[in-house]
Amino acid sequence: MSSQTLILILLSGIIALLVALFQYKYKAKLKPRLANLLTALRFLSIFVVLLLLVNPKFEKIKVYVEKPTLVIAVDNSNSIAHLKQTKAANTAIAALKNNKALKDKFTIEVFGFEDQLNTAVDSFNFRGKETNIDKALVEISKIHKTDIAPIVLISDGNQSFGNDYSVPNPNYAQPIYPVILGDTINYTDLKIKQLNTNRYVFLKNKFPVEAVLLYQGNTAVTTKFKVLQNGIAVYSSVLKFSKSKNAQIINFTLPANTIGVQSYKAILEPLENEKNKVNNVANFAVEVIDQKTKIAIVSAFSHPDIGVFKKSIEANEQRSVTLHTPNSILPTLNDYQLIILYQPDFSFKQLYTVLDKEAKNRFTIVGSKTNLRFINQNQERFYHGITNQTEDYQPKLNLNFSPFLVDDINFESFPPLKSHYGDVKFNVPFETILEKTVLGISNNAPLLATLEANNRREAILFGENIWRWRAQSFINDNTFNTFDDFMGKMVQYLASSKRKERLNVSYKSFYAGTSNLIITAQIFDKNYQFDARQSLELILTDIVTKAKKVIPFVLKSNKYQVDLSGLSPSKYNFTVKSTQQNISKSGSFEVLEYNIEQQFLNADITKLKALANHTKATHAFADNIEDVISDLTENKNYIALQKSIKNTIPLIDWKYLLAIMVFTLAAEWFLRKYNGLI
């Protein structure tokens with residue numbers, strides 16, 4: 001409190017006393033006892049009022065001791081249970097939580113983690129299907145960024161995804177003490193490393209299967225590899241492994257006799273003393289279809305585009321492509337469901353006559369070598385203006401395209417296509433998939449369009465050099481799949497004579513247990529414009545357990561989607577329907593079983609030791625956890641800190657002062673009233 005405030009308080013007391021004496025000693029003639037009592041009450045009342053006006057401030061200092069925090073981070077993944085370390089983990093946790101020296105020195109916090117960090121954990125079930133040690137350590141370090149908070153990591157060190165936690169990381173702000181769950185023994189193990197097969201196969205055909213099998217051990221062993229379908233063996237082979245021959249690749253074929261998704265189980269019979277038997281079994285599935293789509297590409301000359309069309313279309317095993325000239329295709333025209341006409345000229349005249357007669361679906365590519373006079377004379381669906389000039393056009397996706405689902409595969413990054421310059425006028429209704437743009441400016445003309453009339457489907461691409469698009473797609477995504485999927489949807493639409501549907505659903509027939517399971521859908525109004533006002537829901541039924549649940553779709557860009565990742569392995573039926581209209585579509589898929597946490601044989605001791613070294617801490621196995629406890633209790637860097645909190649409290653906040661003032665005024669009034677002074 002300042003000296004100025006003390007002077008003001010002193011003056012307040014003098015003023016209050018003078019006023020009280022003047023009123024009850026000098027001016028009033030009262031009995032001495034009554035006068036003294038009233039003077040005291042008046043003095044207190046005035047003094048309290050003046051004190052409130054001065055409002056002096058008092059400082060209150062609270063001193064306390066803050067202990068450092070000890071964070072116990074427990075790996076709650078399934079690999080702990082698989083390595084039979086559940087008891088060791090719980091024993092280590094109890095040893096840390098119940099140690100008197102640690103409790104006296106630290107405030108103990110317990111976290112659990114799998115793929116995410118979990119707080120306020122009391123017990124652990126060790127059922128997590130994925131492990132991200134790095135993410136857990138980073139998040140704990142953020143929580144205690146400015147605190148003294150060493151971390152005891154109780155884990156086997158096996159991480160199924162995420163950044164490598166064993167390399168130096170500036171985001172780890174605390175020393176990390178690994179308590180290792182597991183041992184250093186190298187166990188004998190047989191494992192199915194990989195199974196390769198086609199996604200689609202054809203009825204009454206045989207499809208190839210490739211199995212990559214591995215052995216870890218020092219002695220020669222003999223085992224059997226077999227494949228079961230519905231519990232019946234459809235393939236078996238006796239194999240021999242040794243220390244030098246520790247890997248084998250088995251190739252065989254299986255028959256496709258039933259339409260639909262066919263599931264198989266591959267088994268590599270385990271050894272008698274084998275510890276990990278989970279990786280001896282692998283499931284796979286194929287979809288058997290009863291028809292192969294045959295497509296013909298007709299051209300009068302060679303061009304790189306033709307090879308790209310063939311390669312892209314045949315990326316789907318259910319499609320085959322044959323190359324023809326305009327004359328060679330005529331005898332076998334009816335063998336094909338789709339005819340691709342590459343830059344037609346007058347040599348195509350007889351072919352056009354037959355195509356119109358047979359009402360064949362077609363895909364026409366108009367490029368710089370296309371004879372536009374022939375095109376305008378021999379078909380009536382569109383007219384292309386003739387200018388004898390060419391132009392380069394880039395694509396832009398039309399988000400309102402309705403006949404089938406089209407994903408944006410970054411079309412605007414694709415190089416331009418070369419074609420004739422001139423207006424295109426359609427004589428029948430059409431829908432634009434890709435619009436023409438020049439230097440990023442759309443001219444509202446179609447670059448790729450589809451049309452339907454008289455039970456015939458047709459697509460027209462106004463540009464050549466589409467081979468550059470497939471190359472650019474690979475540069476963008478490091479895979480040809482995105483472009484090939486787009487082309488596959490085009491071919492599927494054109495090769496089919498089915499009526500255009502208002503609800504389209506995109507899904508796979510089977511999913512691996514670790515893959516993202518996303519189903520997408522598009523719904524259109526009666527004019528076949530995308531309808532973003534609809535509400536779609538998915539009714540999912542587990543065929544095995546009969547459990548049913550309803551999941552709403554989420555609108556994202558120009559499609560609806562629902563994320564079903566995390567579904568248990570089983571077979572499922574589903575129905576997608578609109579809650580506002582009587583429109584629905586059904587399907588089925590299968591989720592194949594796979595648990596990455598059960599693929600580990602040992603603790604990853606090397607990485608856990610490296611983590612301890614990088615963070616300047618020590619490590620120990622679970623049965624030697626006293627080594628970590630001793631280091632923590634004896635380390636002089638982990639000491640309690642004495643801290644203080646200083647609060648400045650103004651007198652006006654002291655409510656009892658107001659009560660005193662009310663009491664003195666009330667008592668003074670009562671005495672004056674009682675003695676007839678009022």
# chains A, B, ... in the order shown; residues from 1 in each chain; ligands from 1
>>> select_by_dssp(residues="segment 176-339 of chain A", states="strand (DSSP E or B)", output="MDAnalysis selection string")
chainID A and resid 176:180 189:197 200:202 206:216 221:229 232:241 247:255 260:268 281:289 293:298 319:324 338:339
>>> closest_atom_pairs(of="segment 317-365 of chain A", to="segment 191-200 of chain A", cutoff="12 Å", atoms="only C-alpha atoms", output="CSV")
residue,atom,partner,partner_atom,distance
A:Glu317,CA,A:Tyr200,CA,6.1
A:Gln318,CA,A:Tyr200,CA,6.5
A:Arg319,CA,A:Tyr200,CA,10.1
>>> residues_around(residues="segment 582-590 of chain A", least_positions_apart="5", cutoff="12 Å", atoms="only C-alpha atoms", output="ChimeraX atom specification")
/A:260-264,283-287,501-513,517-519,521-526,534-544,564,567-577
>>> write_last_selection(atoms="C-alpha atoms", output="PDB file, in the first residue's frame")
ATOM      1  CA  GLY A 260     -20.830 -62.972 -58.522  1.00  0.00           C
ATOM      2  CA  VAL A 261     -18.247 -62.255 -55.839  1.00  0.00           C
ATOM      3  CA  GLN A 262     -16.361 -65.434 -54.950  1.00  0.00           C
ATOM      4  CA  SER A 263     -14.361 -65.491 -51.712  1.00  0.00           C
ATOM      5  CA  TYR A 264     -11.367 -67.714 -51.058  1.00  0.00           C
ATOM      6  CA  ASN A 283      -8.522 -63.977 -47.727  1.00  0.00           C
ATOM      7  CA  PHE A 284      -9.060 -62.812 -51.278  1.00  0.00           C
ATOM      8  CA  ALA A 285     -12.005 -62.465 -53.618  1.00  0.00           C
ATOM      9  CA  VAL A 286     -12.766 -62.071 -57.290  1.00  0.00           C
ATOM     10  CA  GLU A 287     -15.903 -61.022 -59.125  1.00  0.00           C
ATOM     11  CA  GLU A 501     -31.157 -43.815 -64.676  1.00  0.00           C
ATOM     12  CA  ARG A 502     -31.887 -41.013 -62.222  1.00  0.00           C
ATOM     13  CA  LEU A 503     -29.916 -42.642 -59.370  1.00  0.00           C
ATOM     14  CA  ASN A 504     -26.352 -43.808 -59.936  1.00  0.00           C
ATOM     15  CA  VAL A 505     -24.330 -45.557 -57.218  1.00  0.00           C
ATOM     16  CA  SER A 506     -20.591 -46.200 -57.338  1.00  0.00           C
ATOM     17  CA  TYR A 507     -19.017 -48.920 -55.141  1.00  0.00           C
ATOM     18  CA  LYS A 508     -16.644 -51.887 -55.243  1.00  0.00           C
ATOM     19  CA  SER A 509     -17.674 -55.496 -54.889  1.00  0.00           C
ATOM     20  CA  PHE A 510     -15.144 -56.168 -52.131  1.00  0.00           C
ATOM     21  CA  TYR A 511     -12.854 -54.216 -49.819  1.00  0.00           C
ATOM     22  CA  ALA A 512      -9.779 -55.113 -47.800  1.00  0.00           C
ATOM     23  CA  GLY A 513     -10.279 -54.670 -44.058  1.00  0.00           C
ATOM     24  CA  LEU A 517     -14.848 -47.915 -47.742  1.00  0.00           C
ATOM     25  CA  ILE A 518     -16.671 -45.047 -49.404  1.00  0.00           C
ATOM     26  CA  ILE A 519     -19.874 -45.355 -51.445  1.00  0.00           C
ATOM     27  CA  ALA A 521     -24.117 -41.636 -55.411  1.00  0.00           C
ATOM     28  CA  GLN A 522     -25.669 -39.079 -57.730  1.00  0.00           C
ATOM     29  CA  ILE A 523     -29.379 -38.357 -58.090  1.00  0.00           C
ATOM     30  CA  PHE A 524     -30.957 -36.322 -60.865  1.00  0.00           C
ATOM     31  CA  ASP A 525     -34.265 -34.575 -61.369  1.00  0.00           C
ATOM     32  CA  LYS A 526     -36.676 -35.413 -64.186  1.00  0.00           C
ATOM     33  CA  GLN A 534     -32.334 -34.494 -52.186  1.00  0.00           C
ATOM     34  CA  SER A 535     -31.725 -36.420 -48.978  1.00  0.00           C
ATOM     35  CA  LEU A 536     -30.226 -39.869 -49.529  1.00  0.00           C
ATOM     36  CA  GLU A 537     -29.786 -42.628 -46.996  1.00  0.00           C
ATOM     37  CA  LEU A 538     -28.111 -46.018 -47.065  1.00  0.00           C
ATOM     38  CA  ILE A 539     -29.781 -49.042 -45.467  1.00  0.00           C
ATOM     39  CA  LEU A 540     -26.975 -51.486 -44.635  1.00  0.00           C
ATOM     40  CA  THR A 541     -27.637 -55.116 -43.660  1.00  0.00           C
ATOM     41  CA  ASP A 542     -25.028 -57.581 -42.427  1.00  0.00           C
ATOM     42  CA  ILE A 543     -25.912 -60.833 -44.186  1.00  0.00           C
ATOM     43  CA  VAL A 544     -24.321 -62.955 -41.429  1.00  0.00           C
ATOM     44  CA  LEU A 564     -18.258 -46.920 -44.068  1.00  0.00           C
ATOM     45  CA  LEU A 567     -16.932 -52.056 -40.932  1.00  0.00           C
ATOM     46  CA  SER A 568     -16.327 -55.521 -39.510  1.00  0.00           C
ATOM     47  CA  PRO A 569     -15.353 -58.229 -42.028  1.00  0.00           C
ATOM     48  CA  SER A 570     -18.561 -59.745 -43.381  1.00  0.00           C
ATOM     49  CA  LYS A 571     -20.905 -59.765 -46.362  1.00  0.00           C
ATOM     50  CA  TYR A 572     -23.315 -56.845 -46.684  1.00  0.00           C
ATOM     51  CA  ASN A 573     -26.400 -55.959 -48.677  1.00  0.00           C
ATOM     52  CA  PHE A 574     -27.337 -52.314 -49.061  1.00  0.00           C
ATOM     53  CA  THR A 575     -30.042 -50.100 -50.507  1.00  0.00           C
ATOM     54  CA  VAL A 576     -29.577 -46.441 -51.413  1.00  0.00           C
ATOM     55  CA  LYS A 577     -32.846 -44.531 -51.496  1.00  0.00           C
TER      56      LYS A 577
END
>>> closest_residue(among="A:Ile306, A:Leu50, A:Met490, A:Leu21", to="Met661 of chain A", atoms="only C-alpha atoms")
A:Leu50
>>> select_by_dssp(residues="segment 479-648 of chain A", states="helix (DSSP H, G or I)", output="ChimeraX atom specification")
/A:481-495,596-599,605-614,622-624,626-634
>>> atom_distance(atom1="atom CA of Arg42 of chain A", atom2="atom CA of Ala16 of chain A")
7.7 Å
